[in-house]
$ cat protein.txt   # compact mmCIF, C-alpha atoms (C1' of nucleotides)
# COMPACT_ATOMS: atom_id res chain seq x y z
CA MET A 1 126.87 -8.04 -53.45
CA SER A 2 128.32 -6.08 -50.55
CA ASP A 3 129.98 -3.82 -53.11
CA SER A 4 126.64 -2.79 -54.54
CA VAL A 5 125.25 -2.19 -51.07
CA ASP A 6 128.25 -0.02 -50.29
CA ALA A 7 127.65 1.83 -53.51
CA ILE A 8 124.06 2.60 -52.56
CA PHE A 9 125.06 3.79 -49.11
CA ASN A 10 127.89 5.89 -50.46
CA LYS A 11 125.59 7.45 -52.98
CA THR A 12 123.08 8.21 -50.23
CA LYS A 13 125.79 9.75 -48.07
CA LYS A 14 126.93 11.89 -50.95
CA GLY A 15 123.35 12.84 -51.79
CA LYS A 16 122.65 13.75 -48.20
CA ALA A 17 124.29 17.01 -49.07
CA LEU A 18 120.97 17.98 -50.67
CA PHE A 19 118.64 17.61 -47.69
CA GLN A 20 119.17 19.42 -44.48
CA ASN A 21 115.91 18.43 -42.82
CA ARG A 22 113.85 16.09 -44.93
CA ASN A 23 111.13 15.90 -42.25
CA ALA A 24 110.14 19.47 -43.03
CA LEU A 25 108.65 18.11 -46.22
CA SER A 26 106.76 15.19 -44.65
CA THR A 27 103.00 15.26 -44.45
CA GLU A 28 103.00 15.35 -40.65
CA PHE A 29 105.24 18.39 -40.42
CA VAL A 30 103.44 21.41 -39.02
CA PRO A 31 105.41 24.64 -39.56
CA ASP A 32 105.37 27.24 -36.78
CA HIS A 33 103.82 29.74 -39.13
CA LEU A 34 101.20 29.18 -41.84
CA PRO A 35 101.62 31.82 -44.54
CA PHE A 36 98.49 33.21 -46.21
CA ARG A 37 96.32 31.52 -43.62
CA GLU A 38 96.63 34.09 -40.86
CA SER A 39 92.98 35.09 -40.83
CA GLN A 40 91.73 31.49 -40.84
CA THR A 41 94.16 30.55 -38.08
CA GLU A 42 93.02 33.47 -35.94
CA ASN A 43 89.43 32.60 -36.63
CA VAL A 44 89.81 29.02 -35.49
CA ALA A 45 91.76 30.13 -32.42
CA GLN A 46 89.04 32.64 -31.59
CA VAL A 47 86.30 30.04 -31.78
CA LEU A 48 88.19 27.47 -29.72
CA SER A 49 89.55 29.88 -27.11
CA PRO A 50 86.70 29.43 -24.58
CA ALA A 51 88.12 25.96 -23.91
CA LEU A 52 91.01 27.59 -22.06
CA LEU A 53 88.53 28.95 -19.54
CA GLY A 54 86.80 25.62 -19.22
CA SER A 55 83.71 26.34 -21.28
CA LYS A 56 82.58 24.61 -24.42
CA PRO A 57 83.54 26.28 -27.70
CA SER A 58 81.16 26.27 -30.66
CA ASN A 59 81.43 23.50 -33.20
CA LEU A 60 83.29 24.49 -36.31
CA LEU A 61 83.37 23.57 -39.98
CA LEU A 62 86.36 24.15 -42.25
CA TYR A 63 85.76 24.09 -45.98
CA GLY A 64 88.13 24.10 -48.92
CA LYS A 65 89.67 21.95 -51.63
CA THR A 66 92.48 19.50 -50.86
CA GLY A 67 95.81 21.06 -49.97
CA THR A 68 94.43 24.46 -49.01
CA GLY A 69 95.71 24.23 -45.46
CA LYS A 70 92.59 23.13 -43.56
CA THR A 71 94.23 20.24 -41.76
CA ALA A 72 97.40 22.23 -41.13
CA VAL A 73 95.48 25.13 -39.58
CA ALA A 74 93.33 22.82 -37.46
CA THR A 75 96.23 20.75 -36.11
CA PHE A 76 98.32 23.87 -35.59
CA VAL A 77 95.69 25.63 -33.48
CA VAL A 78 94.74 22.49 -31.59
CA HIS A 79 98.38 21.85 -30.77
CA LYS A 80 98.81 25.41 -29.48
CA LEU A 81 95.65 25.07 -27.47
CA ARG A 82 97.00 22.03 -25.70
CA THR A 83 100.30 23.67 -24.83
CA GLN A 84 98.49 26.72 -23.42
CA ASP A 85 96.01 24.68 -21.44
CA ASP A 86 96.22 25.41 -17.72
CA THR A 87 92.99 23.61 -16.88
CA LYS A 88 94.63 20.24 -17.70
CA GLN A 89 91.26 18.98 -18.85
CA ILE A 90 91.60 19.52 -22.56
CA VAL A 91 92.11 16.40 -24.65
CA THR A 92 92.49 16.69 -28.39
CA ALA A 93 91.96 14.02 -31.01
CA TYR A 94 92.44 13.95 -34.73
CA VAL A 95 90.75 11.33 -36.90
CA ASN A 96 90.56 11.14 -40.65
CA CYS A 97 87.15 9.60 -41.33
CA ARG A 98 88.04 8.41 -44.81
CA LEU A 99 91.23 6.66 -43.69
CA ALA A 100 89.46 5.15 -40.69
CA GLY A 101 87.23 3.37 -43.21
CA THR A 102 83.86 2.81 -41.59
CA GLU A 103 81.75 4.72 -39.13
CA TYR A 104 82.53 2.15 -36.48
CA LEU A 105 86.29 2.43 -36.97
CA THR A 106 86.09 6.22 -36.84
CA LEU A 107 84.51 5.96 -33.41
CA ALA A 108 87.09 3.40 -32.37
CA ARG A 109 89.87 5.81 -33.35
CA ILE A 110 88.26 8.57 -31.28
CA ALA A 111 88.14 6.23 -28.30
CA GLU A 112 91.86 5.52 -28.68
CA ALA A 113 92.60 9.15 -27.85
CA LEU A 114 90.70 8.89 -24.57
CA PRO A 115 91.66 7.23 -21.28
CA MET A 116 89.11 4.44 -21.64
CA ASP A 117 88.60 2.13 -18.66
CA LYS A 118 89.62 -1.47 -19.24
CA ASP A 119 86.06 -2.74 -19.44
CA LYS A 120 85.15 0.07 -21.83
CA ARG A 121 87.74 -0.71 -24.49
CA ILE A 122 86.43 -0.85 -28.05
CA PRO A 123 86.88 -4.22 -29.79
CA LEU A 124 87.44 -4.34 -33.56
CA THR A 125 83.84 -5.30 -34.30
CA GLY A 126 80.74 -6.54 -32.56
CA LEU A 127 79.41 -3.50 -30.77
CA SER A 128 76.56 -1.31 -31.89
CA LEU A 129 77.41 2.26 -32.85
CA SER A 130 75.32 3.61 -30.02
CA GLU A 131 77.17 1.39 -27.54
CA VAL A 132 80.50 2.75 -28.77
CA SER A 133 79.20 6.33 -28.60
CA SER A 134 77.95 5.94 -25.07
CA ARG A 135 81.25 4.39 -23.95
CA ILE A 136 82.97 7.45 -25.35
CA PHE A 137 80.50 9.80 -23.66
CA ASP A 138 80.82 7.96 -20.35
CA THR A 139 84.57 8.34 -20.41
CA ILE A 140 84.34 12.05 -21.22
CA SER A 141 81.87 12.50 -18.41
CA LYS A 142 83.70 10.40 -15.82
CA HIS A 143 87.04 12.15 -16.31
CA ALA A 144 85.46 15.57 -16.95
CA ILE A 145 87.31 15.74 -20.25
CA HIS A 146 87.09 18.75 -22.51
CA LEU A 147 87.47 17.06 -25.87
CA ILE A 148 88.38 18.99 -28.99
CA LEU A 149 87.74 16.53 -31.77
CA VAL A 150 89.09 17.21 -35.25
CA LEU A 151 87.21 15.12 -37.81
CA ASP A 152 89.00 15.32 -41.13
CA GLU A 153 87.07 14.42 -44.28
CA ILE A 154 83.96 14.44 -42.16
CA ASP A 155 81.78 13.87 -45.22
CA TYR A 156 82.73 10.18 -45.09
CA LEU A 157 81.06 9.92 -41.69
CA VAL A 158 77.72 10.94 -43.18
CA GLU A 159 77.61 8.56 -46.13
CA SER A 160 74.44 6.82 -45.04
CA THR A 161 72.97 8.81 -42.16
CA ASP A 162 73.96 11.72 -39.97
CA GLU A 163 72.79 9.85 -36.87
CA THR A 164 76.24 9.58 -35.29
CA LEU A 165 77.04 13.24 -35.86
CA TYR A 166 73.66 14.15 -34.46
CA LYS A 167 74.44 12.24 -31.29
CA PHE A 168 77.81 13.92 -31.03
CA THR A 169 76.44 17.41 -31.46
CA ARG A 170 73.73 16.78 -28.87
CA SER A 171 75.85 14.97 -26.32
CA GLY A 172 75.74 17.82 -23.78
CA GLU A 173 73.98 15.98 -20.96
CA ASP A 174 75.68 12.65 -21.56
CA THR A 175 79.15 14.12 -21.34
CA ALA A 176 78.66 16.54 -18.43
CA PRO A 177 80.67 17.73 -16.62
CA GLY A 178 82.95 17.23 -19.64
CA PHE A 179 82.08 18.32 -23.15
CA LEU A 180 83.03 17.74 -26.71
CA THR A 181 83.55 20.20 -29.53
CA ILE A 182 83.80 19.11 -33.14
CA VAL A 183 86.08 20.72 -35.69
CA GLY A 184 84.84 19.24 -38.95
CA ILE A 185 86.94 19.41 -42.10
CA SER A 186 85.48 18.81 -45.53
CA ASN A 187 86.67 19.34 -49.06
CA ASP A 188 83.26 18.55 -50.47
CA LEU A 189 81.35 21.80 -50.66
CA ARG A 190 78.07 19.97 -51.15
CA PHE A 191 78.56 18.06 -47.91
CA LYS A 192 76.16 20.32 -46.04
CA GLU A 193 73.30 19.29 -48.29
CA ARG A 194 73.47 15.78 -46.88
CA LEU A 195 73.11 17.00 -43.31
CA GLY A 196 69.75 17.28 -41.68
CA ALA A 197 68.77 20.72 -40.39
CA ARG A 198 69.15 19.61 -36.78
CA VAL A 199 72.80 18.61 -37.26
CA LEU A 200 73.64 21.54 -39.50
CA SER A 201 72.43 24.12 -37.04
CA SER A 202 74.81 22.96 -34.33
CA LEU A 203 77.73 21.66 -36.38
CA GLY A 204 77.80 24.68 -38.64
CA GLU A 205 77.71 27.22 -35.82
CA GLU A 206 80.93 28.62 -37.22
CA GLU A 207 82.23 28.15 -40.74
CA ILE A 208 85.57 29.05 -42.24
CA ILE A 209 86.34 28.91 -45.95
CA PHE A 210 89.79 28.10 -47.33
CA PRO A 211 90.38 29.42 -50.85
CA PRO A 212 92.96 27.68 -53.08
CA TYR A 213 96.48 29.07 -53.01
CA THR A 214 97.50 31.16 -55.99
CA MET A 215 100.70 30.36 -57.83
CA GLU A 216 102.44 33.32 -56.18
CA GLU A 217 101.43 32.10 -52.74
CA LEU A 218 102.56 28.56 -53.52
CA ARG A 219 105.92 29.86 -54.65
CA SER A 220 106.35 31.80 -51.46
CA ILE A 221 105.35 28.79 -49.33
CA LEU A 222 107.78 26.57 -51.20
CA GLU A 223 110.61 29.07 -50.82
CA GLU A 224 110.05 29.21 -47.10
CA ARG A 225 109.92 25.44 -46.82
CA THR A 226 112.99 24.79 -48.96
CA LYS A 227 115.03 27.01 -46.65
CA ILE A 228 114.32 24.58 -43.82
CA ALA A 229 114.46 21.35 -45.78
CA PHE A 230 117.34 21.77 -48.21
CA ARG A 231 120.89 23.01 -47.90
CA ALA A 232 121.46 26.47 -49.28
CA GLY A 233 121.88 26.66 -53.02
CA VAL A 234 120.93 23.10 -53.95
CA ILE A 235 117.51 24.05 -55.26
CA PRO A 236 117.44 26.73 -57.96
CA GLN A 237 114.61 29.23 -58.25
CA SER A 238 113.55 27.78 -61.60
CA THR A 239 112.79 24.44 -59.93
CA ILE A 240 110.66 26.11 -57.30
CA ASN A 241 108.80 28.03 -59.97
CA LEU A 242 108.13 24.86 -61.89
CA CYS A 243 106.88 23.12 -58.76
CA ALA A 244 104.54 26.02 -57.97
CA ALA A 245 103.24 26.06 -61.53
CA LEU A 246 102.58 22.32 -61.56
CA ALA A 247 100.71 22.47 -58.26
CA ALA A 248 98.78 25.60 -59.21
CA SER A 249 97.38 23.78 -62.20
CA GLU A 250 96.07 21.21 -59.71
CA HIS A 251 93.76 23.75 -58.04
CA GLY A 252 96.47 25.22 -55.80
CA ASP A 253 97.21 22.11 -53.79
CA ALA A 254 100.05 22.96 -51.39
CA ARG A 255 100.38 19.46 -50.00
CA ARG A 256 100.97 18.13 -53.46
CA ALA A 257 103.55 20.84 -54.11
CA ILE A 258 105.44 19.94 -50.94
CA ASP A 259 105.25 16.24 -51.74
CA MET A 260 106.71 16.96 -55.15
CA LEU A 261 109.52 18.89 -53.58
CA ARG A 262 110.40 15.99 -51.31
CA VAL A 263 110.20 13.39 -54.05
CA ALA A 264 112.23 15.60 -56.38
CA GLY A 265 114.89 15.76 -53.70
CA ASP A 266 114.85 11.97 -53.42
CA VAL A 267 115.07 11.59 -57.18
CA ALA A 268 117.99 13.99 -57.42
CA GLU A 269 119.72 12.20 -54.57
CA ARG A 270 119.29 8.81 -56.12
CA ASP A 271 120.64 10.08 -59.41
CA GLY A 272 123.60 11.46 -57.50
CA ARG A 273 123.01 15.03 -58.64
CA GLN A 274 124.39 18.08 -56.95
CA SER A 275 121.17 20.08 -57.19
CA VAL A 276 117.44 19.52 -57.55
CA ASP A 277 116.98 20.52 -61.16
CA GLU A 278 113.83 20.89 -63.23
CA ASP A 279 114.27 17.44 -64.66
CA SER A 280 114.12 15.88 -61.18
CA MET A 281 110.98 17.90 -60.51
CA ARG A 282 109.27 16.61 -63.64
CA LYS A 283 110.22 13.05 -62.75
CA ALA A 284 108.85 13.61 -59.26
CA SER A 285 105.56 14.88 -60.61
CA GLU A 286 105.14 11.75 -62.72
CA LYS A 287 106.20 9.45 -59.91
CA ILE A 288 103.63 10.91 -57.54
CA GLU A 289 100.93 10.41 -60.12
CA ARG A 290 101.95 6.78 -60.63
CA ASP A 291 102.33 6.01 -56.94
CA ALA A 292 98.90 7.39 -56.12
CA VAL A 293 97.32 5.08 -58.68
CA GLU A 294 99.34 2.11 -57.44
CA VAL A 295 98.40 2.63 -53.83
CA ALA A 296 94.74 3.02 -54.73
CA LEU A 297 94.83 -0.12 -56.86
CA HIS A 298 96.70 -2.15 -54.31
CA SER A 299 94.30 -1.51 -51.46
CA LEU A 300 91.26 -2.43 -53.53
CA PRO A 301 89.15 -5.44 -52.51
CA LEU A 302 89.37 -8.51 -54.74
CA GLN A 303 86.06 -7.94 -56.51
CA ASN A 304 86.97 -4.36 -57.38
CA LYS A 305 90.29 -5.54 -58.79
CA MET A 306 88.50 -8.05 -61.00
CA ILE A 307 86.28 -5.32 -62.36
CA ILE A 308 89.38 -3.28 -63.15
CA ILE A 309 90.84 -6.29 -64.96
CA ALA A 310 87.62 -6.73 -66.90
CA ALA A 311 87.73 -3.06 -67.86
CA SER A 312 91.32 -3.45 -69.05
CA LYS A 313 90.06 -5.78 -71.78
CA PHE A 314 88.46 -2.76 -73.43
CA PRO A 315 91.20 -0.24 -74.24
CA GLY A 316 88.74 1.85 -76.21
CA GLY A 317 86.17 2.01 -73.42
CA THR A 318 83.02 0.02 -72.83
CA ASN A 319 79.64 0.13 -71.10
CA THR A 320 78.10 -1.45 -68.04
CA GLY A 321 76.46 -4.43 -69.74
CA GLU A 322 79.52 -5.45 -71.70
CA LEU A 323 81.84 -4.93 -68.74
CA TYR A 324 79.57 -7.03 -66.55
CA LEU A 325 79.62 -10.00 -68.94
CA THR A 326 83.41 -9.90 -69.08
CA TYR A 327 83.60 -9.63 -65.33
CA VAL A 328 81.34 -12.66 -64.90
CA ASN A 329 83.64 -14.72 -67.14
CA ILE A 330 86.73 -13.75 -65.22
CA ALA A 331 85.07 -14.38 -61.87
CA LYS A 332 83.86 -17.83 -62.93
CA LYS A 333 87.25 -18.82 -64.32
CA SER A 334 88.99 -17.93 -61.08
CA SER A 335 86.12 -19.46 -59.11
CA VAL A 336 85.35 -16.31 -57.22
CA GLU A 337 81.81 -15.57 -56.14
CA VAL A 338 79.99 -13.64 -58.87
CA LEU A 339 78.32 -10.39 -57.85
CA THR A 340 75.08 -9.05 -59.32
CA GLN A 341 75.00 -6.33 -61.92
CA ARG A 342 73.47 -3.92 -59.45
CA ARG A 343 76.45 -4.35 -57.16
CA VAL A 344 78.95 -4.12 -60.01
CA SER A 345 77.27 -0.91 -61.11
CA GLY A 346 77.80 0.40 -57.59
CA ILE A 347 81.47 -0.63 -57.59
CA ILE A 348 81.95 1.11 -60.94
CA ALA A 349 80.65 4.27 -59.31
CA GLU A 350 83.10 3.80 -56.41
CA LEU A 351 86.02 3.29 -58.79
CA ASP A 352 84.93 6.42 -60.61
CA THR A 353 85.15 8.54 -57.47
CA LEU A 354 88.56 7.01 -56.76
CA GLY A 355 89.63 8.23 -60.18
CA LEU A 356 90.69 4.78 -61.38
CA LEU A 357 88.19 4.85 -64.20
CA GLU A 358 85.90 7.30 -65.84
CA ALA A 359 82.18 6.53 -65.92
CA ALA A 360 79.78 8.93 -67.55
CA ILE A 361 76.10 8.25 -68.10
CA VAL A 362 75.17 8.38 -71.76
CA SER A 363 71.90 7.80 -73.50
CA LYS A 364 71.94 5.86 -76.72
CA GLY A 365 68.31 6.49 -77.58
CA ARG A 366 66.56 3.32 -78.56
CA LYS A 367 69.56 1.39 -77.29
CA GLY A 368 68.93 2.57 -73.77
CA ARG A 369 70.94 4.35 -71.13
CA THR A 370 74.25 3.16 -69.73
CA LYS A 371 77.60 4.31 -68.43
CA ARG A 372 80.44 4.90 -70.82
CA ILE A 373 83.40 3.43 -68.96
CA LYS A 374 87.05 4.04 -69.59
CA LEU A 375 89.89 2.67 -67.49
CA LEU A 376 92.42 5.28 -66.39
CA VAL A 377 95.13 2.82 -65.35
CA ASP A 378 97.76 1.85 -67.88
CA ASP A 379 98.62 -1.78 -68.57
CA ASP A 380 102.09 -1.68 -67.01
CA THR A 381 100.87 -0.34 -63.70
CA LEU A 382 98.02 -2.80 -63.68
CA ARG A 383 100.27 -5.79 -64.30
CA ARG A 384 102.72 -4.61 -61.67
CA VAL A 385 100.11 -4.27 -58.96
CA ILE A 386 97.81 -7.14 -59.81
CA GLY A 387 100.91 -9.24 -60.38
CA ASP A 388 101.49 -9.66 -56.64
CA ASP A 389 97.97 -10.86 -56.08
CA ALA A 390 98.37 -14.61 -55.98
CA GLU A 391 94.73 -15.37 -56.42
CA LEU A 392 94.48 -13.22 -59.52
CA LEU A 393 97.78 -14.37 -60.90
CA GLU A 394 96.21 -17.72 -61.76
CA LEU A 395 94.08 -16.24 -64.45
CA HIS A 396 96.87 -14.51 -66.29
C1' DC B 397 55.72 13.66 -80.55
C1' DC B 398 55.83 9.08 -78.69
C1' DT B 399 58.34 4.57 -77.62
C1' DC B 400 61.04 1.77 -75.56
C1' DC B 401 65.81 0.24 -74.58
C1' DA B 402 69.49 -0.72 -71.08
C1' DC B 403 70.39 0.58 -67.80
C1' DT B 404 70.57 3.82 -63.09
C1' DG B 405 70.00 4.37 -58.41
C1' DG B 406 66.80 4.27 -54.23
C1' DA B 407 64.87 1.20 -50.73
C1' DA B 408 64.47 -2.74 -48.21
C1' DA B 409 65.54 -7.37 -47.23
C1' DC B 410 69.15 -10.65 -46.43
C1' DC B 411 73.73 -12.51 -44.95
C1' DT B 412 77.86 -12.95 -42.21
C1' DA B 413 81.15 -12.18 -38.63
C1' DG B 414 81.97 -11.19 -34.18
C1' DG B 415 81.00 -9.21 -29.30
C1' DC B 416 77.65 -9.47 -25.63
C1' DT B 417 74.44 -11.73 -22.13
C1' DC B 418 73.03 -15.22 -19.35
C1' DG C 419 77.78 -22.33 -25.41
C1' DA C 420 73.31 -20.97 -27.22
C1' DG C 421 70.94 -17.18 -28.65
C1' DC C 422 70.80 -12.31 -29.41
C1' DC C 423 72.35 -8.07 -31.46
C1' DT C 424 74.52 -4.94 -34.99
C1' DA C 425 77.69 -3.04 -38.90
C1' DG C 426 78.76 -3.48 -43.30
C1' DG C 427 78.42 -5.77 -47.65
C1' DT C 428 75.36 -7.77 -50.90
C1' DT C 429 71.02 -9.11 -53.24
C1' DT C 430 66.27 -8.31 -54.64
C1' DC C 431 62.92 -5.48 -56.46
C1' DC C 432 61.58 -1.80 -59.07
C1' DA C 433 60.26 2.81 -60.40
C1' DG C 434 62.61 6.16 -63.17
C1' DT C 435 64.99 8.21 -67.47
C1' DG C 436 67.45 10.68 -71.94
C1' DG C 437 67.15 10.54 -76.44
C1' DA C 438 67.56 7.90 -81.36
C1' DG C 439 64.45 5.78 -84.12
C1' DG C 440 59.99 5.39 -85.55
$ encode --input "protein.txt" --output "structure tokens"
Amino acid sequence: MSDSVDAIFNKTKKGKALFQNRNALSTEFVPDHLPFRESQTENVAQVLSPALLGSKPSNLLLYGKTGTGKTAVATFVVHKLRTQDDTKQIVTAYVNCRLAGTEYLTLARIAEALPMDKDKRIPLTGLSLSEVSSRIFDTISKHAIHLILVLDEIDYLVESTDETLYKFTRSGEDTAPGFLTIVGISNDLRFKERLGARVLSSLGEEEIIFPPYTMEELRSILEERTKIAFRAGVIPQSTINLCAALAASEHGDARRAIDMLRVAGDVAERDGRQSVDEDSMRKASEKIERDAVEVALHSLPLQNKMIIIAASKFPGGTNTGELYLTYVNIAKKSSVEVLTQRRVSGIIAELDTLGLLEAAIVSKGRKGRTKRIKLLVDDDTLRRVIGDDAELLELH
DNA sequence: CCTCCACTGGAAACCTAGGCTC
DNA sequence: GAGCCTAGGTTTCCAGTGGAGG
């Protein structure tokens, strides 16, 4: 027992020769220079600069696909802004609206960044959205805060209505003498269509587009990053090239490329290798794919999991009606409340956007219209994840 | 060219949990 | 502690709809 533990630790110590600064590859790491994003960085800085003189900057929207540097640029500039702030009134907050979950929780996260009075704290549930908003505005006003609010994946805040954003963009009087400026980040280019004209005109005062990185740019970014993260000579050029090529095929996603680099380093370490070779990189690419699916599956609500299980009974694909019948059987057997078909149809659409299954509307003429549904999770992964779910275990 | 299936997806009503007020 | 209020999830209701078969 203790021998095997020693073995693991020894291996890790030996493998440590590969990494020099593993943190440089973590998602939170913000480099002191963002290559190929100079113009966007300057743009954002330009727009936000009035805050240093105590006046309210324009709201700002950043657009671009995932991993094109939007979040990095925003956090980079906002961080600089805070360190240069002589007015001591600037407060910055970063909230990812998708990770926050609901509109309410997004507001609660914003409040966390502010010095809320004891009686103004935000409980987990129970308040109305307008009550939460006005508590936030009151705090900004009372402490004369100049809030720079970065809302990542802002499209998730507008799923039903843009009411909250409207309030935030028109909060001028409620927050005086403080103010609040929104830096919205979206990777959905159609997001603007869901905004009413009144919100769009003030939120979209300034817009900055982030194009995907080319393979050459990715390679250069990776080279720069490996110099910080790995010891010299442990990562050959061919591995970096492969990593850049893999990421470029995924619409130039730099975050993914850097993740792969980190995981490849871990893989090589665990295998006790002396360098991060192409084989480790390929393994890393697969592992990231698998892990993403597992995390998504794991965090799914019970009902959604049952629909996935029902879909797994049809390896060749199925349609809504058939899937629903199977789902009903499974739900009854495990004595879980049975949802209506309308709701199940909605959940299928949600699972589709999560990429766990593929649902395409097809018309079969006389036989009506339905969704052709195909599960994208393989059996092994499914069993591994659903396996820990005690309630679902009963029915296997 | 028309029908009519098997749904889709919008809208509104309903339900539940939990904080607030008095 | 009763009664009120709201967010978020769900149900109910229903007006569409693309295209194979007639």
$ interface_residues --input "protein.txt" --of "chain A" --to "chain C" --cutoff "7 Å" --atoms "only C-alpha atoms (C1' of nucleotides)" --output "list in words"
Gly126, Leu127, Ser128, Ser363, Lys364, Gly365 and Arg366 of chain A
$ closest_atom_pairs --input "protein.txt" --of "chain A" --to "chain B" --cutoff "9 Å" --atoms "only C-alpha atoms (C1' of nucleotides)" --output "tab-separated table"
residue	atom	partner	partner_atom	distance
A:Pro123	CA	B:DG415	C1'	7.7
A:Leu124	CA	B:DG414	C1'	8.8
A:Thr125	CA	B:DG414	C1'	6.2
A:Gly126	CA	B:DG415	C1'	4.2
A:Leu127	CA	B:DG415	C1'	6.1
A:Thr320	CA	B:DC403	C1'	8.0
A:Gly321	CA	B:DA402	C1'	8.0
A:Ser345	CA	B:DT404	C1'	8.4
A:Gly346	CA	B:DG405	C1'	8.8
A:Ile361	CA	B:DT404	C1'	8.7
A:Lys364	CA	B:DC401	C1'	8.6
A:Gly365	CA	B:DC401	C1'	7.4
A:Arg366	CA	B:DC401	C1'	5.1
A:Lys367	CA	B:DC401	C1'	4.8
A:Gly368	CA	B:DC401	C1'	4.0
A:Arg369	CA	B:DC403	C1'	5.1
A:Thr370	CA	B:DC403	C1'	5.0
A:Lys371	CA	B:DC403	C1'	8.1
$ residues_near_point --input "protein.txt" --point "(70.9, 13.8, -43.7)" --cutoff "8 Å" --atoms "only C-alpha atoms (C1' of nucleotides)" --output "JSON, numbers by chain"
{"A": [158, 160, 161, 162, 193, 194, 195, 196, 197]}
$ write_last_selection --input "protein.txt" --atoms "C-alpha atoms" --output "compact mmCIF listing (two decimals), in the coordinates of the input"
# COMPACT_ATOMS: atom_id res chain seq x y z
CA VAL A 158 77.72 10.94 -43.18
CA SER A 160 74.44 6.82 -45.04
CA THR A 161 72.97 8.81 -42.16
CA ASP A 162 73.96 11.72 -39.97
CA GLU A 193 73.30 19.29 -48.29
CA ARG A 194 73.47 15.78 -46.88
CA LEU A 195 73.11 17.00 -43.31
CA GLY A 196 69.75 17.28 -41.68
CA ALA A 197 68.77 20.72 -40.39
$ atom_distance --input "protein.txt" --atom1 "atom CA of Val362 of chain A" --atom2 "atom CA of Ile347 of chain A"
17.9 Å
$ closest_residue --input "protein.txt" --among "A:Thr75, A:Asp174, A:Asp152, A:Tyr327" --to "Ile140 of chain A" --atoms "all atoms listed in the file"
A:Asp174
$ residues_around --input "protein.txt" --residues "Lys374 of chain A" --least-positions-apart "6" --cutoff "10 Å" --atoms "only C-alpha atoms (C1' of nucleotides)" --output "PyMOL selection string"
chain A and resi 311-312+314-319+352+356-360
$ atom_distance --input "protein.txt" --atom1 "atom CA of Ile154 of chain A" --atom2 "atom CA of Ser26 of chain A"
22.9 Å
$ atom_distance --input "protein.txt" --atom1 "atom CA of Ile235 of chain A" --atom2 "atom CA of Ile221 of chain A"
14.3 Å
$ residues_around --input "protein.txt" --residues "Met116 of chain A" --least-positions-apart "6" --cutoff "12 Å" --atoms "only C-alpha atoms (C1' of nucleotides)" --output "list of chain:residue names"
A:Ala108, A:Arg109, A:Ile110, A:Ile122, A:Val132, A:Ser134, A:Arg135, A:Ile136, A:Phe137, A:Asp138, A:Thr139, A:Ile140, A:Ser141, A:Lys142, A:His143, A:Ile145
$ write_last_selection --input "protein.txt" --atoms "C-alpha atoms" --output "CSV table (one decimal), in the coordinates of the input"
chain,number,residue,atom,x,y,z
A,108,ALA,CA,87.1,3.4,-32.4
A,109,ARG,CA,89.9,5.8,-33.4
A,110,ILE,CA,88.3,8.6,-31.3
A,122,ILE,CA,86.4,-0.8,-28.0
A,132,VAL,CA,80.5,2.8,-28.8
A,134,SER,CA,78.0,5.9,-25.1
A,135,ARG,CA,81.2,4.4,-24.0
A,136,ILE,CA,83.0,7.4,-25.4
A,137,PHE,CA,80.5,9.8,-23.7
A,138,ASP,CA,80.8,8.0,-20.4
A,139,THR,CA,84.6,8.3,-20.4
A,140,ILE,CA,84.3,12.0,-21.2
A,141,SER,CA,81.9,12.5,-18.4
A,142,LYS,CA,83.7,10.4,-15.8
A,143,HIS,CA,87.0,12.2,-16.3
A,145,ILE,CA,87.3,15.7,-20.2
$ residues_around --input "protein.txt" --residues "Gly172 of chain A" --least-positions-apart "5" --cutoff "12 Å" --atoms "all atoms listed in the file" --output "ChimeraX atom specification"
/A:55-56,137-138,140-141,146-147,166-167,177-181,202
$ residues_around --input "protein.txt" --residues "Ala100 of chain A" --least-positions-apart "2" --cutoff "12 Å" --atoms "only C-alpha atoms (C1' of nucleotides)" --output "PyMOL selection string"
chain A and resi 94-98+102-110+151-154+156-157
$ build_atoms --input "protein.txt" --residues "segment 100-106 of chain A" --atoms "N, CA and C atoms" --output "PDB file, in the coordinates of the input"
ATOM      1  N   ALA A 100      89.970   6.081 -41.697  1.00  0.00           N
ATOM      2  CA  ALA A 100      89.460   5.150 -40.690  1.00  0.00           C
ATOM      3  C   ALA A 100      88.662   4.053 -41.381  1.00  0.00           C
ATOM      4  N   GLY A 101      87.942   4.384 -42.439  1.00  0.00           N
ATOM      5  CA  GLY A 101      87.230   3.370 -43.210  1.00  0.00           C
ATOM      6  C   GLY A 101      85.745   3.426 -42.977  1.00  0.00           C
ATOM      7  N   THR A 102      85.293   2.850 -41.859  1.00  0.00           N
ATOM      8  CA  THR A 102      83.860   2.810 -41.590  1.00  0.00           C
ATOM      9  C   THR A 102      83.532   3.723 -40.414  1.00  0.00           C
ATOM     10  N   GLU A 103      82.235   3.911 -40.241  1.00  0.00           N
ATOM     11  CA  GLU A 103      81.750   4.720 -39.130  1.00  0.00           C
ATOM     12  C   GLU A 103      82.241   4.144 -37.801  1.00  0.00           C
ATOM     13  N   TYR A 104      82.120   2.845 -37.708  1.00  0.00           N
ATOM     14  CA  TYR A 104      82.530   2.150 -36.480  1.00  0.00           C
ATOM     15  C   TYR A 104      84.000   2.404 -36.175  1.00  0.00           C
ATOM     16  N   LEU A 105      84.855   2.262 -37.183  1.00  0.00           N
ATOM     17  CA  LEU A 105      86.290   2.430 -36.970  1.00  0.00           C
ATOM     18  C   LEU A 105      86.644   3.883 -36.646  1.00  0.00           C
ATOM     19  N   THR A 106      85.865   4.817 -37.183  1.00  0.00           N
ATOM     20  CA  THR A 106      86.090   6.220 -36.840  1.00  0.00           C
ATOM     21  C   THR A 106      85.870   6.416 -35.346  1.00  0.00           C
TER      22      THR A 106
END
